[in-house]
Amino acid sequence: MSGLTFLAVHAHPDDEASGTGGLYRLLHEQGARTVLVTCTNGECGDAPDGAKPDQDHHDGDLVAAVRRVELDKAVAVLGISRLVRLGYRDSGMMGWPQNADPDCFWATPVEDGATALAAILMEERPQVIMTYNEIGFYGHPDHIQAHRITMRALELIDYEPTLYFNAIPASRMAVLRARWEEEDRIKREEELAQGIDRAPDVGPLDEDGNEIDMGTPDDEIGAAIDVSSVTDFKYDALAAHASQISPDSGWMAMTKDEFREAMGTEFFKRVTNPMGLEGVVTDIFAGYRDAGTSSN
């Protein structure tokens, strides 16, 4: 598969594992070149002692140093050919005070980030690029900014790659949402028995306080990639981000067999289509294998 290159633009350390971990490892095993662009250092993650960014003793620089090591481990697990760190500071969630930090990614002029990314694209000339949609999948400022600089960078380069957004089909999202709501209901009942009464959890909110629909209509899915043969690697890549992903919750609470069942397919929405693809492809390089690999 010499000559085929895939590049993803992710916001934080660990996003590469959750969003494209299976695809990265699958392409590695197929012999493709894979490139990861990580936009921020992840300063707004949990500290090694569990401290949150709003706590006085939270040290963002220490968090970034820990996450740097974790990202290197995950990259090795996934067999990623090249990691590029753009080095911006983590902006935190929408509305956090970190949004106003002039050094954070959210405050960075789009043109600056796009120019840096365009230089990487021109050097690597990937046939296929992946990032997030205009709401950053779930409304995180750094994910939205990753979308913005990617879209602008595509205007600055001299060829048209195939662009995908990561996605979860709406039908699958409905199942996930129902499961999350049931888990939250059980947890609230347990808390109520302890005298703790709280409102039900809500999903991520946009700038106006409205809940974000993270599902993509099923008929807009352009690629469904079977990664069931490599989900053990995806699981291990997520586990490498130990400071951010608790071993007893979410994905890590699953056995590897359960994880394979739940995470065996990665979905994407096709945004640009220079190869004239139709329907849902099962190969991220669909259209390029038989047509040659030139990006000129």
# chains A, B, ... in the order shown; residues from 1 in each chain; ligands from 1
>>> residues_around(residues="Thr20 in chain A", least_positions_apart="6", cutoff="9 Å", atoms="only C-alpha atoms", output="list in words")
Ala8, Met130, Asn166, Lys234 and Glu266 of chain A
>>> closest_atom_pairs(of="range 135-174 of chain A", to="range 109-120 of chain A", cutoff="6 Å", atoms="only C-alpha atoms", output="CSV")
residue,atom,partner,partner_atom,distance
A:Ile149,CA,A:Ala114,CA,4.4
A:Arg152,CA,A:Ala114,CA,5.7
A:Ala153,CA,A:Ala114,CA,4.6
>>> write_last_selection(atoms="N, CA and C atoms", output="PDB file, in the first residue's frame")
ATOM      1  N   ILE A 149      -9.591  25.245  11.663  1.00  0.00           N
ATOM      2  CA  ILE A 149      -8.277  25.367  11.024  1.00  0.00           C
ATOM      3  C   ILE A 149      -8.120  24.329   9.909  1.00  0.00           C
ATOM      4  N   ARG A 152      -9.963  25.690   6.801  1.00  0.00           N
ATOM      5  CA  ARG A 152      -9.194  26.773   6.192  1.00  0.00           C
ATOM      6  C   ARG A 152      -7.915  26.241   5.553  1.00  0.00           C
ATOM      7  N   ALA A 153      -7.251  25.295   6.197  1.00  0.00           N
ATOM      8  CA  ALA A 153      -6.026  24.727   5.636  1.00  0.00           C
ATOM      9  C   ALA A 153      -6.289  24.081   4.278  1.00  0.00           C
TER      10      ALA A 153
END
>>> residues_around(residues="Ala11 in chain A", least_positions_apart="4", cutoff="6 Å", atoms="only C-alpha atoms", output="PyMOL selection string")
chain A and resi 38-40+142-143
>>> write_last_selection(atoms="C-alpha atoms", output="tab-separated table (two decimals), in the first residue's frame")
chain	number	residue	atom	x	y	z
A	38	THR	CA	-2.61	16.95	18.01
A	39	CYS	CA	-3.53	20.60	18.43
A	40	THR	CA	-3.24	21.12	22.21
A	142	ASP	CA	-10.73	23.02	20.89
A	143	HIS	CA	-12.64	20.55	18.73
>>> closest_residue(among="A:Asn133, A:Thr34, A:Thr255, A:Asn99", to="Val84 in chain A", atoms="only C-alpha atoms")
A:Thr34
>>> atom_distance(atom1="CA of His241 in chain A", atom2="CA of Gly60 in chain A")
15.9 Å
>>> select_by_dssp(residues="range 169-259 of chain A", states="strand (DSSP E or B)", output="ChimeraX atom specification")
/A:169,205,211,216,223-226
>>> write_last_selection(atoms="N, CA and C atoms", output="compact mmCIF listing (two decimals), in the first residue's frame")
# COMPACT_ATOMS: atom_id res chain seq x y z
N PRO A 169 -23.62 7.22 14.12
CA PRO A 169 -24.96 7.24 13.52
C PRO A 169 -26.03 7.54 14.57
N LEU A 205 -23.50 20.92 26.26
CA LEU A 205 -24.33 22.06 25.88
C LEU A 205 -23.57 22.97 24.93
N GLU A 211 -28.77 21.54 24.66
CA GLU A 211 -28.08 20.25 24.59
C GLU A 211 -27.71 19.93 23.14
N THR A 216 -25.14 11.68 14.08
CA THR A 216 -25.19 12.05 12.67
C THR A 216 -26.28 11.22 12.01
N ALA A 223 -18.68 6.40 5.64
CA ALA A 223 -17.72 5.32 5.81
C ALA A 223 -18.00 4.59 7.11
N ALA A 224 -18.00 3.28 7.05
CA ALA A 224 -18.15 2.43 8.24
C ALA A 224 -17.02 1.43 8.18
N ILE A 225 -16.03 1.61 9.04
CA ILE A 225 -14.81 0.82 8.97
C ILE A 225 -14.81 -0.25 10.05
N ASP A 226 -14.72 -1.50 9.63
CA ASP A 226 -14.67 -2.62 10.56
C ASP A 226 -13.27 -2.68 11.19
>>> atom_distance(atom1="CA of Glu278 in chain A", atom2="CA of Tyr164 in chain A")
13.9 Å
>>> closest_residue(among="A:Gly215, A:Gly79, A:Gly87, A:Gly136", to="Val230 in chain A", atoms="only C-alpha atoms")
A:Gly79
>>> select_by_dssp(residues="range 113-205 of chain A", states="helix (DSSP H, G or I)", output="ChimeraX atom specification")
/A:113-124,141-156,170-193
>>> write_last_selection(atoms="C-alpha atoms", output="PDB file, in the first residue's frame")
ATOM      1  CA  GLY A 113      -3.399  27.469  12.997  1.00  0.00           C
ATOM      2  CA  ALA A 114      -4.462  26.824   9.415  1.00  0.00           C
ATOM      3  CA  THR A 115      -1.139  28.001   8.032  1.00  0.00           C
ATOM      4  CA  ALA A 116       0.752  25.655  10.352  1.00  0.00           C
ATOM      5  CA  LEU A 117      -1.524  22.764   9.429  1.00  0.00           C
ATOM      6  CA  ALA A 118      -1.366  23.520   5.701  1.00  0.00           C
ATOM      7  CA  ALA A 119       2.417  23.227   5.815  1.00  0.00           C
ATOM      8  CA  ILE A 120       2.069  19.723   7.263  1.00  0.00           C
ATOM      9  CA  LEU A 121      -0.518  18.778   4.652  1.00  0.00           C
ATOM     10  CA  MET A 122       1.709  19.960   1.829  1.00  0.00           C
ATOM     11  CA  GLU A 123       4.604  17.970   3.255  1.00  0.00           C
ATOM     12  CA  GLU A 124       2.647  14.753   3.798  1.00  0.00           C
ATOM     13  CA  PRO A 141     -13.927  24.816  21.869  1.00  0.00           C
ATOM     14  CA  ASP A 142     -10.726  23.020  20.890  1.00  0.00           C
ATOM     15  CA  HIS A 143     -12.645  20.550  18.733  1.00  0.00           C
ATOM     16  CA  ILE A 144     -14.471  23.399  17.031  1.00  0.00           C
ATOM     17  CA  GLN A 145     -11.169  25.172  16.445  1.00  0.00           C
ATOM     18  CA  ALA A 146      -9.647  21.973  15.013  1.00  0.00           C
ATOM     19  CA  HIS A 147     -12.537  21.935  12.535  1.00  0.00           C
ATOM     20  CA  ARG A 148     -12.008  25.577  11.635  1.00  0.00           C
ATOM     21  CA  ILE A 149      -8.277  25.367  11.024  1.00  0.00           C
ATOM     22  CA  THR A 150      -8.686  22.183   8.999  1.00  0.00           C
ATOM     23  CA  MET A 151     -11.326  23.682   6.731  1.00  0.00           C
ATOM     24  CA  ARG A 152      -9.194  26.773   6.192  1.00  0.00           C
ATOM     25  CA  ALA A 153      -6.026  24.727   5.636  1.00  0.00           C
ATOM     26  CA  LEU A 154      -7.778  22.845   2.830  1.00  0.00           C
ATOM     27  CA  GLU A 155      -8.211  26.195   1.078  1.00  0.00           C
ATOM     28  CA  LEU A 156      -4.472  26.859   1.334  1.00  0.00           C
ATOM     29  CA  ALA A 170     -28.088   8.711  15.106  1.00  0.00           C
ATOM     30  CA  SER A 171     -29.570   5.241  15.560  1.00  0.00           C
ATOM     31  CA  ARG A 172     -26.554   4.149  17.595  1.00  0.00           C
ATOM     32  CA  MET A 173     -26.494   7.397  19.523  1.00  0.00           C
ATOM     33  CA  ALA A 174     -30.094   6.817  20.584  1.00  0.00           C
ATOM     34  CA  VAL A 175     -29.087   3.461  22.068  1.00  0.00           C
ATOM     35  CA  LEU A 176     -26.103   5.003  23.834  1.00  0.00           C
ATOM     36  CA  ARG A 177     -28.199   7.862  25.180  1.00  0.00           C
ATOM     37  CA  ALA A 178     -30.770   5.446  26.581  1.00  0.00           C
ATOM     38  CA  ARG A 179     -28.013   3.454  28.286  1.00  0.00           C
ATOM     39  CA  TRP A 180     -26.438   6.584  29.772  1.00  0.00           C
ATOM     40  CA  GLU A 181     -29.811   7.765  31.059  1.00  0.00           C
ATOM     41  CA  GLU A 182     -30.486   4.397  32.700  1.00  0.00           C
ATOM     42  CA  GLU A 183     -27.030   4.337  34.295  1.00  0.00           C
ATOM     43  CA  ASP A 184     -27.601   7.867  35.601  1.00  0.00           C
ATOM     44  CA  ARG A 185     -31.052   6.928  36.947  1.00  0.00           C
ATOM     45  CA  ILE A 186     -29.579   4.019  38.905  1.00  0.00           C
ATOM     46  CA  LYS A 187     -26.789   6.206  40.231  1.00  0.00           C
ATOM     47  CA  ARG A 188     -29.232   8.918  41.328  1.00  0.00           C
ATOM     48  CA  GLU A 189     -31.331   6.332  43.171  1.00  0.00           C
ATOM     49  CA  GLU A 190     -28.227   5.165  45.037  1.00  0.00           C
ATOM     50  CA  GLU A 191     -27.332   8.770  45.868  1.00  0.00           C
ATOM     51  CA  LEU A 192     -30.871   9.537  47.005  1.00  0.00           C
ATOM     52  CA  ALA A 193     -30.620   6.656  49.471  1.00  0.00           C
TER      53      ALA A 193
END
>>> closest_residue(among="A:Glu134, A:Ala237, A:Thr231, A:Ile168", to="Val271 in chain A", atoms="only C-alpha atoms")
A:Glu134
>>> residues_around(residues="range 26-32 of chain A", least_positions_apart="2", cutoff="7 Å", atoms="only C-alpha atoms", output="compact mmCIF listing (two decimals) with N, CA and C atoms, in the first residue's frame")
# COMPACT_ATOMS: atom_id res chain seq x y z
N MET A 1 0.83 -1.20 0.00
CA MET A 1 0.00 0.00 0.00
C MET A 1 0.87 1.26 0.00
N SER A 2 2.09 1.14 -0.47
CA SER A 2 3.00 2.27 -0.48
C SER A 2 2.38 3.45 -1.21
N LEU A 4 0.00 5.53 0.16
CA LEU A 4 -1.26 5.95 0.78
C LEU A 4 -0.99 6.53 2.16
N THR A 5 -1.56 7.71 2.41
CA THR A 5 -1.34 8.39 3.69
C THR A 5 -2.66 8.88 4.25
N GLY A 22 -8.98 2.56 16.27
CA GLY A 22 -9.08 1.35 15.47
C GLY A 22 -8.58 1.56 14.06
N LEU A 23 -8.98 2.67 13.46
CA LEU A 23 -8.57 2.96 12.08
C LEU A 23 -7.06 3.12 11.98
N TYR A 24 -6.47 3.84 12.93
CA TYR A 24 -5.02 4.02 12.91
C TYR A 24 -4.30 2.66 12.92
N THR A 34 0.54 6.79 8.41
CA THR A 34 -0.47 7.45 9.23
C THR A 34 0.17 8.61 9.98
N GLY A 79 0.70 2.33 16.30
CA GLY A 79 1.58 2.24 15.15
C GLY A 79 1.55 3.47 14.26
N ILE A 80 1.27 4.62 14.83
CA ILE A 80 1.18 5.86 14.05
C ILE A 80 2.58 6.24 13.56
N VAL A 227 -13.20 -2.36 12.47
CA VAL A 227 -11.91 -2.39 13.17
C VAL A 227 -11.90 -3.46 14.25
N VAL A 230 -8.74 -5.17 15.49
CA VAL A 230 -7.68 -4.40 16.16
C VAL A 230 -8.20 -3.64 17.39
